[in-house]
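Source file: structure-v4.cif (mmCIF, C-alpha atoms)
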```cif
data_start
loop_
_atom_site.group_PDB
_atom_site.id
_atom_site.type_symbol
_atom_site.label_atom_id
_atom_site.label_comp_id
_atom_site.auth_asym_id
_atom_site.auth_seq_id
_atom_site.Cartn_x
_atom_site.Cartn_y
_atom_site.Cartn_z
ATOM 1 C CA MET Y 10 -7.068 9.225 22.531
ATOM 2 C CA ASP Y 11 -10.371 11.139 22.724
ATOM 3 C CA GLY Y 12 -11.930 12.758 19.676
ATOM 4 C CA ARG Y 13 -9.640 13.662 16.799
ATOM 5 C CA PRO Y 14 -6.105 12.384 17.428
ATOM 6 C CA ARG Y 15 -2.986 14.503 17.344
ATOM 7 C CA ILE Y 16 -1.011 13.190 14.380
ATOM 8 C CA GLY Y 17 2.648 13.315 13.458
ATOM 9 C CA VAL Y 18 3.627 12.596 9.843
ATOM 10 C CA VAL Y 19 7.213 11.349 9.639
ATOM 11 C CA GLY Y 20 8.691 11.674 6.156
ATOM 12 C CA ALA Y 21 6.324 14.543 5.454
ATOM 13 C CA THR Y 22 8.337 16.014 2.570
ATOM 14 C CA GLY Y 23 8.422 12.834 0.477
ATOM 15 C CA ALA Y 24 5.934 11.835 -2.215
ATOM 16 C CA VAL Y 25 3.798 9.716 0.134
ATOM 17 C CA GLY Y 26 4.180 12.131 3.038
ATOM 18 C CA ARG Y 27 2.812 15.029 1.026
ATOM 19 C CA VAL Y 28 -0.200 12.982 -0.067
ATOM 20 C CA THR Y 29 -0.710 11.936 3.556
ATOM 21 C CA LEU Y 30 -0.872 15.577 4.646
ATOM 22 C CA GLU Y 31 -3.268 16.374 1.816
ATOM 23 C CA LEU Y 32 -5.594 13.526 2.762
ATOM 24 C CA LEU Y 33 -5.495 14.436 6.449
ATOM 25 C CA ARG Y 34 -6.636 17.966 5.557
ATOM 26 C CA GLU Y 35 -9.389 16.584 3.327
ATOM 27 C CA ARG Y 36 -10.624 14.346 6.134
ATOM 28 C CA GLY Y 37 -10.712 17.137 8.699
ATOM 29 C CA TYR Y 38 -7.643 16.387 10.817
ATOM 30 C CA GLU Y 39 -6.334 19.714 12.090
ATOM 31 C CA ASP Y 40 -3.816 18.870 14.834
ATOM 32 C CA VAL Y 41 -0.988 17.649 12.593
ATOM 33 C CA ARG Y 42 2.794 18.003 12.835
ATOM 34 C CA ALA Y 43 5.318 17.327 10.072
ATOM 35 C CA PHE Y 44 8.670 15.586 10.630
ATOM 36 C CA ALA Y 45 11.450 14.834 8.165
ATOM 37 C CA SER Y 46 15.227 14.513 7.906
ATOM 38 C CA ALA Y 47 17.657 17.191 9.050
ATOM 39 C CA ARG Y 48 17.954 18.285 5.415
ATOM 40 C CA SER Y 49 14.272 19.300 5.307
ATOM 41 C CA ALA Y 50 13.909 20.522 8.884
ATOM 42 C CA GLY Y 51 13.086 24.210 9.115
ATOM 43 C CA THR Y 52 11.291 24.388 5.775
ATOM 44 C CA THR Y 53 7.603 25.183 5.469
ATOM 45 C CA LEU Y 54 5.102 23.074 3.550
ATOM 46 C CA ASP Y 55 1.988 24.233 1.731
ATOM 47 C CA GLY Y 56 -0.498 25.475 4.274
ATOM 48 C CA GLY Y 57 2.227 26.903 6.492
ATOM 49 C CA LEU Y 58 3.124 23.659 8.287
ATOM 50 C CA ALA Y 59 6.684 23.842 9.651
ATOM 51 C CA VAL Y 60 8.880 20.773 9.225
ATOM 52 C CA GLU Y 61 10.616 19.470 12.350
ATOM 53 C CA GLU Y 62 13.615 17.147 12.415
ATOM 54 C CA ALA Y 63 12.656 13.520 13.051
ATOM 55 C CA THR Y 64 15.011 12.571 15.859
ATOM 56 C CA PRO Y 65 14.289 9.932 18.507
ATOM 57 C CA GLU Y 66 14.117 12.662 21.134
ATOM 58 C CA ALA Y 67 11.706 14.776 19.091
ATOM 59 C CA LEU Y 68 9.342 11.872 18.502
ATOM 60 C CA ARG Y 69 9.392 10.705 22.109
ATOM 61 C CA GLY Y 70 8.537 14.208 23.274
ATOM 62 C CA ALA Y 71 6.103 15.210 20.542
ATOM 63 C CA GLY Y 72 2.965 14.548 22.559
ATOM 64 C CA VAL Y 73 1.052 13.133 19.602
ATOM 65 C CA ASP Y 74 -1.373 10.201 19.591
ATOM 66 C CA VAL Y 75 -0.532 8.730 16.180
ATOM 67 C CA PHE Y 76 2.568 8.680 14.007
ATOM 68 C CA LEU Y 77 2.271 7.931 10.303
ATOM 69 C CA PHE Y 78 5.700 6.873 9.028
ATOM 70 C CA SER Y 79 6.641 7.287 5.350
ATOM 71 C CA VAL Y 80 10.380 6.689 5.516
ATOM 72 C CA GLY Y 81 12.824 3.968 4.502
ATOM 73 C CA THR Y 82 13.101 0.625 6.235
ATOM 74 C CA ARG Y 83 16.326 1.460 8.082
ATOM 75 C CA THR Y 84 14.954 4.742 9.405
ATOM 76 C CA SER Y 85 11.711 3.096 10.491
ATOM 77 C CA ARG Y 86 13.610 0.460 12.443
ATOM 78 C CA GLU Y 87 15.438 3.245 14.250
ATOM 79 C CA LEU Y 88 12.574 5.649 14.899
ATOM 80 C CA VAL Y 89 9.372 3.615 15.237
ATOM 81 C CA PRO Y 90 10.347 1.922 18.541
ATOM 82 C CA GLU Y 91 11.233 5.345 19.944
ATOM 83 C CA ALA Y 92 7.830 6.710 18.970
ATOM 84 C CA VAL Y 93 6.079 3.693 20.487
ATOM 85 C CA GLU Y 94 7.832 4.495 23.767
ATOM 86 C CA SER Y 95 5.854 7.745 23.888
ATOM 87 C CA GLY Y 96 2.601 5.766 23.931
ATOM 88 C CA ALA Y 97 1.637 6.680 20.375
ATOM 89 C CA LEU Y 98 0.159 4.319 17.805
ATOM 90 C CA CYS Y 99 2.610 3.989 14.907
ATOM 91 C CA VAL Y 100 1.471 3.060 11.404
ATOM 92 C CA ASP Y 101 4.570 2.275 9.379
ATOM 93 C CA LYS Y 102 4.624 2.208 5.579
ATOM 94 C CA SER Y 103 8.065 0.635 5.172
ATOM 95 C CA ALA Y 104 8.935 -3.067 5.002
ATOM 96 C CA ALA Y 105 10.490 -2.953 8.469
ATOM 97 C CA PHE Y 106 7.701 -4.676 10.404
ATOM 98 C CA ARG Y 107 5.315 -6.124 7.818
ATOM 99 C CA LEU Y 108 6.249 -9.766 8.279
ATOM 100 C CA THR Y 109 7.101 -9.581 11.986
ATOM 101 C CA ASP Y 110 5.061 -11.992 14.086
ATOM 102 C CA GLY Y 111 2.625 -10.169 16.349
ATOM 103 C CA ILE Y 112 2.533 -6.981 14.256
ATOM 104 C CA PRO Y 113 -0.681 -6.638 12.232
ATOM 105 C CA LEU Y 114 -0.345 -6.094 8.483
ATOM 106 C CA VAL Y 115 -3.597 -4.457 7.501
ATOM 107 C CA VAL Y 116 -5.777 -3.550 4.551
ATOM 108 C CA PRO Y 117 -8.877 -2.250 6.384
ATOM 109 C CA GLU Y 118 -11.375 -3.502 3.796
ATOM 110 C CA VAL Y 119 -9.860 -7.001 4.035
ATOM 111 C CA ASN Y 120 -8.660 -7.622 7.603
ATOM 112 C CA GLY Y 121 -9.434 -4.401 9.437
ATOM 113 C CA ALA Y 122 -10.199 -6.174 12.708
ATOM 114 C CA ARG Y 123 -6.524 -7.111 12.978
ATOM 115 C CA ALA Y 124 -5.524 -3.455 13.385
ATOM 116 C CA SER Y 125 -6.747 -3.300 16.977
ATOM 117 C CA GLU Y 126 -4.550 -6.264 17.913
ATOM 118 C CA HIS Y 127 -1.527 -3.975 17.757
ATOM 119 C CA GLN Y 128 1.026 -3.475 20.501
ATOM 120 C CA GLY Y 129 1.892 0.010 19.323
ATOM 121 C CA ILE Y 130 2.727 -0.772 15.674
ATOM 122 C CA VAL Y 131 0.540 -1.545 12.672
ATOM 123 C CA ALA Y 132 2.291 -2.221 9.369
ATOM 124 C CA ASN Y 133 1.012 -0.767 6.111
ATOM 125 C CA PRO Y 134 1.478 -3.225 3.205
ATOM 126 C CA ASN Y 135 3.397 -2.744 -0.012
ATOM 127 C CA CYS Y 136 1.741 -0.494 -2.594
ATOM 128 C CA SER Y 137 1.169 -3.471 -4.907
ATOM 129 C CA SER Y 138 0.027 -5.864 -2.185
ATOM 130 C CA ILE Y 139 -2.767 -3.557 -1.025
ATOM 131 C CA PRO Y 140 -4.816 -3.465 -4.263
ATOM 132 C CA LEU Y 141 -4.014 -7.123 -4.960
ATOM 133 C CA CYS Y 142 -5.593 -8.088 -1.638
ATOM 134 C CA LEU Y 143 -8.579 -5.822 -2.291
ATOM 135 C CA VAL Y 144 -9.232 -7.895 -5.416
ATOM 136 C CA LEU Y 145 -8.303 -11.350 -4.120
ATOM 137 C CA ALA Y 146 -10.166 -11.248 -0.799
ATOM 138 C CA PRO Y 147 -13.675 -11.147 -2.337
ATOM 139 C CA LEU Y 148 -12.736 -13.973 -4.714
ATOM 140 C CA ARG Y 149 -11.347 -15.970 -1.782
ATOM 141 C CA ASP Y 150 -14.605 -15.506 0.098
ATOM 142 C CA ALA Y 151 -16.713 -16.460 -2.926
ATOM 143 C CA ALA Y 152 -14.823 -19.480 -4.248
ATOM 144 C CA GLY Y 153 -11.534 -20.026 -2.413
ATOM 145 C CA LEU Y 154 -8.081 -19.474 -3.918
ATOM 146 C CA ARG Y 155 -5.914 -22.265 -5.309
ATOM 147 C CA ARG Y 156 -3.141 -20.350 -7.093
ATOM 148 C CA VAL Y 157 -2.333 -16.743 -8.040
ATOM 149 C CA ARG Y 158 0.030 -15.340 -10.652
ATOM 150 C CA VAL Y 159 0.553 -11.594 -10.950
ATOM 151 C CA ALA Y 160 2.587 -9.223 -13.098
ATOM 152 C CA THR Y 161 2.942 -5.667 -11.830
ATOM 153 C CA TYR Y 162 3.641 -2.543 -13.884
ATOM 154 C CA GLN Y 163 4.775 -0.038 -11.279
ATOM 155 C CA SER Y 164 4.991 3.708 -11.681
ATOM 156 C CA ALA Y 165 7.883 6.050 -10.981
ATOM 157 C CA ALA Y 166 6.094 7.305 -7.874
ATOM 158 C CA GLY Y 167 6.737 3.955 -6.242
ATOM 159 C CA ALA Y 168 10.460 4.701 -6.298
ATOM 160 C CA GLY Y 169 10.044 8.116 -4.682
ATOM 161 C CA ALA Y 170 10.099 11.801 -5.536
ATOM 162 C CA GLN Y 171 13.515 11.710 -7.221
ATOM 163 C CA SER Y 172 12.365 9.034 -9.656
ATOM 164 C CA MET Y 173 9.334 11.158 -10.479
ATOM 165 C CA GLU Y 174 11.563 14.162 -11.157
ATOM 166 C CA ARG Y 175 13.749 12.094 -13.497
ATOM 167 C CA LEU Y 176 10.704 10.985 -15.457
ATOM 168 C CA ARG Y 177 9.511 14.598 -15.743
ATOM 169 C CA ALA Y 178 12.904 15.569 -17.154
ATOM 170 C CA GLU Y 179 13.146 12.732 -19.693
ATOM 171 C CA PRO Y 180 10.961 11.550 -22.551
ATOM 172 C CA PRO Y 181 9.213 8.316 -21.428
ATOM 173 C CA GLU Y 182 10.854 6.315 -24.217
ATOM 174 C CA GLU Y 183 14.290 7.332 -22.896
ATOM 175 C CA HIS Y 184 13.550 6.850 -19.204
ATOM 176 C CA ASP Y 185 15.860 4.510 -17.328
ATOM 177 C CA LEU Y 186 13.798 1.427 -16.483
ATOM 178 C CA ARG Y 187 16.361 -0.313 -14.312
ATOM 179 C CA MET Y 188 14.730 -2.252 -11.505
ATOM 180 C CA ASP Y 189 15.373 -0.412 -8.252
ATOM 181 C CA TRP Y 190 14.690 -3.404 -5.984
ATOM 182 C CA ASP Y 191 17.144 -5.795 -4.369
ATOM 183 C CA PHE Y 192 17.805 -8.983 -6.355
ATOM 184 C CA ASP Y 193 18.752 -12.288 -4.717
ATOM 185 C CA GLY Y 194 19.619 -14.108 -7.924
ATOM 186 C CA VAL Y 195 16.120 -15.544 -8.280
ATOM 187 C CA GLU Y 196 13.656 -12.714 -7.758
ATOM 188 C CA PHE Y 197 13.434 -9.087 -6.703
ATOM 189 C CA ASP Y 198 12.573 -8.414 -3.072
ATOM 190 C CA GLU Y 199 9.456 -6.657 -4.383
ATOM 191 C CA GLU Y 200 8.249 -9.993 -5.740
ATOM 192 C CA THR Y 201 8.945 -11.704 -2.431
ATOM 193 C CA LYS Y 202 7.099 -8.950 -0.560
ATOM 194 C CA ILE Y 203 3.984 -9.338 -2.664
ATOM 195 C CA ARG Y 204 3.882 -13.093 -2.096
ATOM 196 C CA GLU Y 205 4.550 -13.076 1.640
ATOM 197 C CA GLU Y 206 2.443 -10.008 2.458
ATOM 198 C CA THR Y 207 -0.538 -11.279 0.486
ATOM 199 C CA ARG Y 208 -0.370 -14.597 2.303
ATOM 200 C CA LYS Y 209 -0.306 -12.825 5.665
ATOM 201 C CA ILE Y 210 -3.140 -10.405 4.893
ATOM 202 C CA LEU Y 211 -5.400 -13.083 3.409
ATOM 203 C CA GLU Y 212 -4.393 -15.523 6.180
ATOM 204 C CA LEU Y 213 -3.500 -18.156 3.590
ATOM 205 C CA PRO Y 214 0.122 -18.983 4.516
ATOM 206 C CA ASP Y 215 0.501 -21.713 1.899
ATOM 207 C CA LEU Y 216 -1.197 -19.972 -1.025
ATOM 208 C CA PRO Y 217 0.965 -20.443 -4.157
ATOM 209 C CA ILE Y 218 1.724 -16.973 -5.514
ATOM 210 C CA SER Y 219 4.139 -16.065 -8.290
ATOM 211 C CA ALA Y 220 4.912 -12.406 -9.008
ATOM 212 C CA THR Y 221 6.889 -10.602 -11.704
ATOM 213 C CA CYS Y 222 7.471 -6.890 -11.072
ATOM 214 C CA VAL Y 223 8.715 -4.184 -13.435
ATOM 215 C CA ARG Y 224 8.908 -0.390 -13.458
ATOM 216 C CA VAL Y 225 7.205 1.440 -16.302
ATOM 217 C CA PRO Y 226 7.485 5.100 -17.421
ATOM 218 C CA VAL Y 227 4.217 6.127 -15.767
ATOM 219 C CA MET Y 228 4.247 8.923 -13.183
ATOM 220 C CA ILE Y 229 1.619 7.710 -10.685
ATOM 221 C CA ALA Y 230 -0.500 4.542 -10.252
ATOM 222 C CA HIS Y 231 0.468 0.907 -10.519
ATOM 223 C CA ALA Y 232 -1.244 -1.631 -12.764
ATOM 224 C CA GLU Y 233 -1.374 -5.390 -12.258
ATOM 225 C CA ALA Y 234 -2.361 -8.314 -14.458
ATOM 226 C CA VAL Y 235 -3.630 -11.245 -12.393
ATOM 227 C CA TRP Y 236 -4.353 -14.891 -13.167
ATOM 228 C CA VAL Y 237 -6.388 -16.650 -10.462
ATOM 229 C CA GLU Y 238 -7.321 -20.279 -9.982
ATOM 230 C CA THR Y 239 -10.208 -20.729 -7.533
ATOM 231 C CA GLU Y 240 -11.103 -23.756 -5.405
ATOM 232 C CA GLU Y 241 -14.709 -23.711 -6.596
ATOM 233 C CA PRO Y 242 -15.936 -22.841 -10.097
ATOM 234 C CA LEU Y 243 -16.409 -19.112 -10.592
ATOM 235 C CA SER Y 244 -17.552 -17.662 -13.891
ATOM 236 C CA PRO Y 245 -16.333 -14.267 -15.110
ATOM 237 C CA GLU Y 246 -19.866 -12.960 -14.696
ATOM 238 C CA ASP Y 247 -20.014 -14.118 -11.073
ATOM 239 C CA ALA Y 248 -16.540 -12.734 -10.411
ATOM 240 C CA GLU Y 249 -17.631 -9.387 -11.814
ATOM 241 C CA ARG Y 250 -20.666 -9.343 -9.527
ATOM 242 C CA VAL Y 251 -18.510 -10.238 -6.529
ATOM 243 C CA LEU Y 252 -15.923 -7.562 -7.259
ATOM 244 C CA GLY Y 253 -18.579 -4.992 -8.112
ATOM 245 C CA ALA Y 254 -19.909 -5.297 -4.561
ATOM 246 C CA ALA Y 255 -16.479 -5.319 -2.876
ATOM 247 C CA PRO Y 256 -15.297 -2.334 -0.789
ATOM 248 C CA GLY Y 257 -12.387 -0.360 -2.186
ATOM 249 C CA VAL Y 258 -12.975 -1.654 -5.719
ATOM 250 C CA ARG Y 259 -14.625 -0.037 -8.733
ATOM 251 C CA LEU Y 260 -15.421 -1.894 -11.951
ATOM 252 C CA GLU Y 261 -14.055 -0.345 -15.132
ATOM 253 C CA PRO Y 262 -14.068 -2.064 -18.554
ATOM 254 C CA PHE Y 263 -10.465 -1.147 -19.393
ATOM 255 C CA PRO Y 264 -8.603 0.148 -16.304
ATOM 256 C CA THR Y 265 -5.522 2.325 -16.817
ATOM 257 C CA PRO Y 266 -3.111 4.107 -14.459
ATOM 258 C CA GLY Y 267 -4.287 7.423 -15.861
ATOM 259 C CA GLN Y 268 -7.853 6.668 -14.824
ATOM 260 C CA ALA Y 269 -6.785 5.464 -11.382
ATOM 261 C CA LYS Y 270 -4.640 8.499 -10.536
ATOM 262 C CA GLY Y 271 -6.276 10.541 -7.785
ATOM 263 C CA LEU Y 272 -8.875 7.895 -6.946
ATOM 264 C CA ASP Y 273 -9.260 6.047 -3.666
ATOM 265 C CA GLU Y 274 -10.461 2.794 -5.243
ATOM 266 C CA ALA Y 275 -8.708 0.150 -7.305
ATOM 267 C CA LEU Y 276 -10.145 0.070 -10.830
ATOM 268 C CA VAL Y 277 -10.746 -3.541 -11.863
ATOM 269 C CA GLY Y 278 -11.758 -4.895 -15.256
ATOM 270 C CA ARG Y 279 -11.025 -7.220 -18.167
ATOM 271 C CA ILE Y 280 -12.413 -10.093 -16.074
ATOM 272 C CA ARG Y 281 -12.428 -13.149 -18.307
ATOM 273 C CA ARG Y 282 -11.633 -16.837 -18.552
ATOM 274 C CA ASP Y 283 -7.933 -17.619 -18.516
ATOM 275 C CA ALA Y 284 -7.292 -18.814 -22.078
ATOM 276 C CA ALA Y 285 -4.536 -21.129 -20.807
ATOM 277 C CA ASP Y 286 -6.635 -22.619 -17.999
ATOM 278 C CA PRO Y 287 -10.428 -22.808 -18.400
ATOM 279 C CA SER Y 288 -10.796 -23.255 -14.635
ATOM 280 C CA GLY Y 289 -9.066 -19.948 -13.961
ATOM 281 C CA LEU Y 290 -9.772 -16.252 -14.350
ATOM 282 C CA ALA Y 291 -7.705 -13.397 -15.732
ATOM 283 C CA LEU Y 292 -8.213 -9.750 -14.806
ATOM 284 C CA PHE Y 293 -6.463 -6.395 -14.800
ATOM 285 C CA PHE Y 294 -6.503 -3.504 -12.349
ATOM 286 C CA ALA Y 295 -4.904 -0.145 -11.641
ATOM 287 C CA CYS Y 296 -4.589 1.771 -8.384
ATOM 288 C CA ASP Y 297 -3.067 5.076 -7.265
ATOM 289 C CA ASN Y 298 -0.032 3.864 -5.332
ATOM 290 C CA LEU Y 299 0.397 7.130 -3.404
ATOM 291 C CA ARG Y 300 -3.208 7.208 -2.200
ATOM 292 C CA LYS Y 301 -4.763 3.795 -1.515
ATOM 293 C CA GLY Y 302 -1.409 2.125 -2.083
ATOM 294 C CA ALA Y 303 0.145 4.046 0.807
ATOM 295 C CA ALA Y 304 -1.223 7.213 2.429
ATOM 296 C CA LEU Y 305 -4.948 6.514 2.445
ATOM 297 C CA ASN Y 306 -4.577 2.934 3.647
ATOM 298 C CA ALA Y 307 -2.528 4.142 6.629
ATOM 299 C CA ILE Y 308 -5.114 6.759 7.566
ATOM 300 C CA GLN Y 309 -7.881 4.172 7.238
ATOM 301 C CA ILE Y 310 -5.954 1.946 9.652
ATOM 302 C CA VAL Y 311 -6.006 4.758 12.215
ATOM 303 C CA GLU Y 312 -9.707 5.306 11.645
ATOM 304 C CA GLN Y 313 -10.327 1.567 12.062
ATOM 305 C CA VAL Y 314 -8.540 1.568 15.410
ATOM 306 C CA LEU Y 315 -10.492 4.633 16.546
ATOM 307 C CA ALA Y 316 -13.793 3.066 15.499
ATOM 308 C CA ASP Y 317 -12.956 -0.162 17.325
ATOM 309 C CA ARG Y 318 -12.130 1.763 20.483
ATOM 310 C CA ALA Y 319 -15.374 3.717 20.280
ATOM 311 C CA ALA Y 320 -17.353 0.509 19.863
ATOM 312 C CA ALA Y 321 -15.640 -1.311 22.736
#
```
Target format structure tokens, applied to this file:
Amino acid sequence: MDGRPRIGVVGATGAVGRVTLELLRERGYEDVRAFASARSAGTTLDGGLAVEEATPEALRGAGVDVFLFSVGTRTSRELVPEAVESGALCVDKSAAFRLTDGIPLVVPEVNGARASEHQGIVANPNCSSIPLCLVLAPLRDAAGLRRVRVATYQSAAGAGAQSMERLRAEPPEEHDLRMDWDFDGVEFDEETKIREETRKILELPDLPISATCVRVPVMIAHAEAVWVETEEPLSPEDAERVLGAAPGVRLEPFPTPGQAKGLDEALVGRIRRDAADPSGLALFFACDNLRKGAALNAIQIVEQVLADRAAA
């Protein structure tokens, strides 16, 4: 893979896929192909890019260096191994491979060096896990982590383009807020993902994490309220200084999804003592789940791998 890679975007017509194509154009990637389901094959996207059907045969013979997958878990399990057979690097945004031993789960600002340990697949974390790790990693490095509690307020965009269309068609107060995640009788799989992915990314396999996830009638950008207990004392002022210097994070007194929409950073603020636990901290952040929560993080993984190869 010399110079700019040839890139295939699989799931190019979905909400994340379209943002992926937009970001690739912004970052100067010109040799890009778009793949999607048979239903979308033959259509043309903005910029004149023709959509090809994402079949195993098409991916194996595409002749691209990198595939960025933005499809469902079942489809990823079917197609990603086929794409790996072609010799391409595959960055997958589904849950298919995130917790598989030997497959890196990467937030470049946190554990970017892990990306180059891949054997053809790098997993892109959940759209709530990514900004959570951006915030927790600097606090871990400064004072250690003893316990984390998080409540997420997740936008319609996290459930896909159809959910976004429903919200556009309905007044927010009438929007159906049913949880669209699998429920095992104790917690939603989204809550399990956040716990297990965060442990893997931070390399803290026993870190106690409790998550409560809900959908809210917001179009784009997730928000999260976090309560953190650190191993060593850390004042709100010191935490603010630590987070203010952290990559991928921007301090904002009162972060909102509206402010975060279209930004590459997680907006973090309201950093204060936990009123229920004087040894802990409470904070709030918002992050564009289509950009840093999905598309941008995947592209940054590719750029991390390229940079590591150039430095080797």
Notebook entry, point to check: Any chance you could work out the residue set of the PyMOL selection byres ((chain Y and resi 124) around 12) here, as a PyMOL selection string?
Noted result: chain Y and resi 98-100+111-123+125-133+210+306-318
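Using all atoms listed in the file for every distance, the candidate list Y:Ser79, Y:Ser85, Y:Ala254, Y:Val93 yields Y:Ser85 as the residue closest to Phe106 (chain Y).
For the choices Y:Gly194, Y:Gly26, Y:Gly70, Y:Gly20, the atom-to-atom distance to Ser46 (chain Y) is smallest for Y:Gly20 when using all atoms listed in the file.
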Checklist line | Best match for closeness to Gly257 (chain Y) among Y:Leu290, Y:Leu143, Y:Val235, Y:Ala170, counting all atoms listed in the file | finding: Y:Leu143
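Between CA of Ala152 (chain Y) and CA of Glu241 (chain Y) the interatomic distance comes to 4.8 Å.
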Notebook entry, point to check: Which residue gives the smallest distance to Thr161 (chain Y) among Y:Leu213, Y:Ala220, Y:Met173, Y:Ala255, with only C-alpha atoms counted?
Noted result: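 Answer, going by the shortest atom-to-atom distance: Y:Ala220.
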Notebook entry, point to check: For Gly169 (chain Y), which of Y:Asn298, Y:Thr201, Y:Thr53, Y:Thr221 is the closest residue, counting all atoms listed in the file?
Noted result: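 Smallest separation from Gly169 (chain Y) among the options: Y:Asn298.
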Check: Expanded to explicit residues, what is the PyMOL selection byres ((chain Y and resi 72) around 10) for this file, as a ChimeraX atom specification?
Finding: /Y:15-17,67-71,73-75,92,95-97
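Considering only C-alpha atoms, the residue among Y:Pro181, Y:Pro147, Y:Gly289, Y:Pro90 positioned nearest to Leu211 (chain Y) is Y:Pro147.
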Checklist line | Separation of CA of Ala166 (chain Y) from CA of Val80 (chain Y), in Å and rounded to one decimal | finding: 14.1 Å
Next item on the list: Figure out the distance between CA of Thr29 (chain Y) and CA of Phe78 (chain Y), please, to one decimal in Å.
Entry: 9.8 Å
Note to self: So that I can see what lies close to Ala248 (chain Y), please list as a list in words the residues with an atom at most 12 Å from it, counting only C-alpha atoms and leaving out residues fewer than 6 positions away in the same chain.
What the structure shows: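 Within the cut-off, the hits are Val144, Leu145, Ala146, Pro147, Leu148, Arg149, Asp150, Ala151, Ala152, Gly153, Val237, Glu238, Thr239, Glu241, Pro242, Ala254, Ala255, Leu260, Val277, Gly278, Arg279, Ile280, Arg281, Arg282, Gly289, Leu290, Ala291 and Leu292 of chain Y.
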Next item on the list: Extract, using all atoms listed in the file, all DNA, RNA and protein residues at most 7 Å from Asp297 (chain Y), discarding same-chain residues fewer than 5 positions from it, and format them as a VMD selection string.
Entry: chain Y and resid 229 to 231 269 to 272 302
Check: Which neighbours of Pro214 (chain Y) fall inside 9 Å, counting all atoms listed in the file, when residues of the same chain fewer than 6 positions from it are skipped, and could you give them as a list of chain:residue names?
Finding: Y:Glu205, Y:Thr207, Y:Arg208
Note to self: Can you tell me which residues surround region 35-39 of chain Y at a distance of at most 7 Å, considering all atoms listed in the file, apart from same-chain residues fewer than 3 positions away, and format the answer as number ranges by chain?
What the structure shows: Y: 13, 31-32
Next item on the list: Report as an NGL selection string the residues that result from applying the PyMOL selection byres ((chain Y and resi 232) around 8) to the structure here.
Entry: :Y and (161-163 or 230-231 or 233-234 or 265-266 or 293-296)
Notebook entry, point to check: Skipping near chain neighbours, those fewer than 2 positions away, what residues fall within 12 Å of Thr84 (chain Y) using only C-alpha atoms, listed as a PyMOL selection string?
Noted result: chain Y and resi 19-20+45-46+63-65+78-82+86-91+101-106
At a cut-off of 12 Å from (8.8, -9.5, -5.3) in the coordinates of the file, what residues are picked up using all atoms listed in the file, written as a CSV table (one decimal) with C-alpha atoms, in the coordinates of the input?
```csv
chain,number,residue,atom,x,y,z
Y,135,ASN,CA,3.4,-2.7,0.0
Y,136,CYS,CA,1.7,-0.5,-2.6
Y,137,SER,CA,1.2,-3.5,-4.9
Y,138,SER,CA,0.0,-5.9,-2.2
Y,158,ARG,CA,0.0,-15.3,-10.7
Y,159,VAL,CA,0.6,-11.6,-11.0
Y,160,ALA,CA,2.6,-9.2,-13.1
Y,161,THR,CA,2.9,-5.7,-11.8
Y,163,GLN,CA,4.8,0.0,-11.3
Y,188,MET,CA,14.7,-2.3,-11.5
Y,189,ASP,CA,15.4,-0.4,-8.3
Y,190,TRP,CA,14.7,-3.4,-6.0
Y,191,ASP,CA,17.1,-5.8,-4.4
Y,192,PHE,CA,17.8,-9.0,-6.4
Y,193,ASP,CA,18.8,-12.3,-4.7
Y,195,VAL,CA,16.1,-15.5,-8.3
Y,196,GLU,CA,13.7,-12.7,-7.8
Y,197,PHE,CA,13.4,-9.1,-6.7
Y,198,ASP,CA,12.6,-8.4,-3.1
Y,199,GLU,CA,9.5,-6.7,-4.4
Y,200,GLU,CA,8.2,-10.0,-5.7
Y,201,THR,CA,8.9,-11.7,-2.4
Y,202,LYS,CA,7.1,-9.0,-0.6
Y,203,ILE,CA,4.0,-9.3,-2.7
Y,204,ARG,CA,3.9,-13.1,-2.1
Y,205,GLU,CA,4.6,-13.1,1.6
Y,206,GLU,CA,2.4,-10.0,2.5
Y,207,THR,CA,-0.5,-11.3,0.5
Y,218,ILE,CA,1.7,-17.0,-5.5
Y,219,SER,CA,4.1,-16.1,-8.3
Y,220,ALA,CA,4.9,-12.4,-9.0
Y,221,THR,CA,6.9,-10.6,-11.7
Y,222,CYS,CA,7.5,-6.9,-11.1
Y,223,VAL,CA,8.7,-4.2,-13.4
```
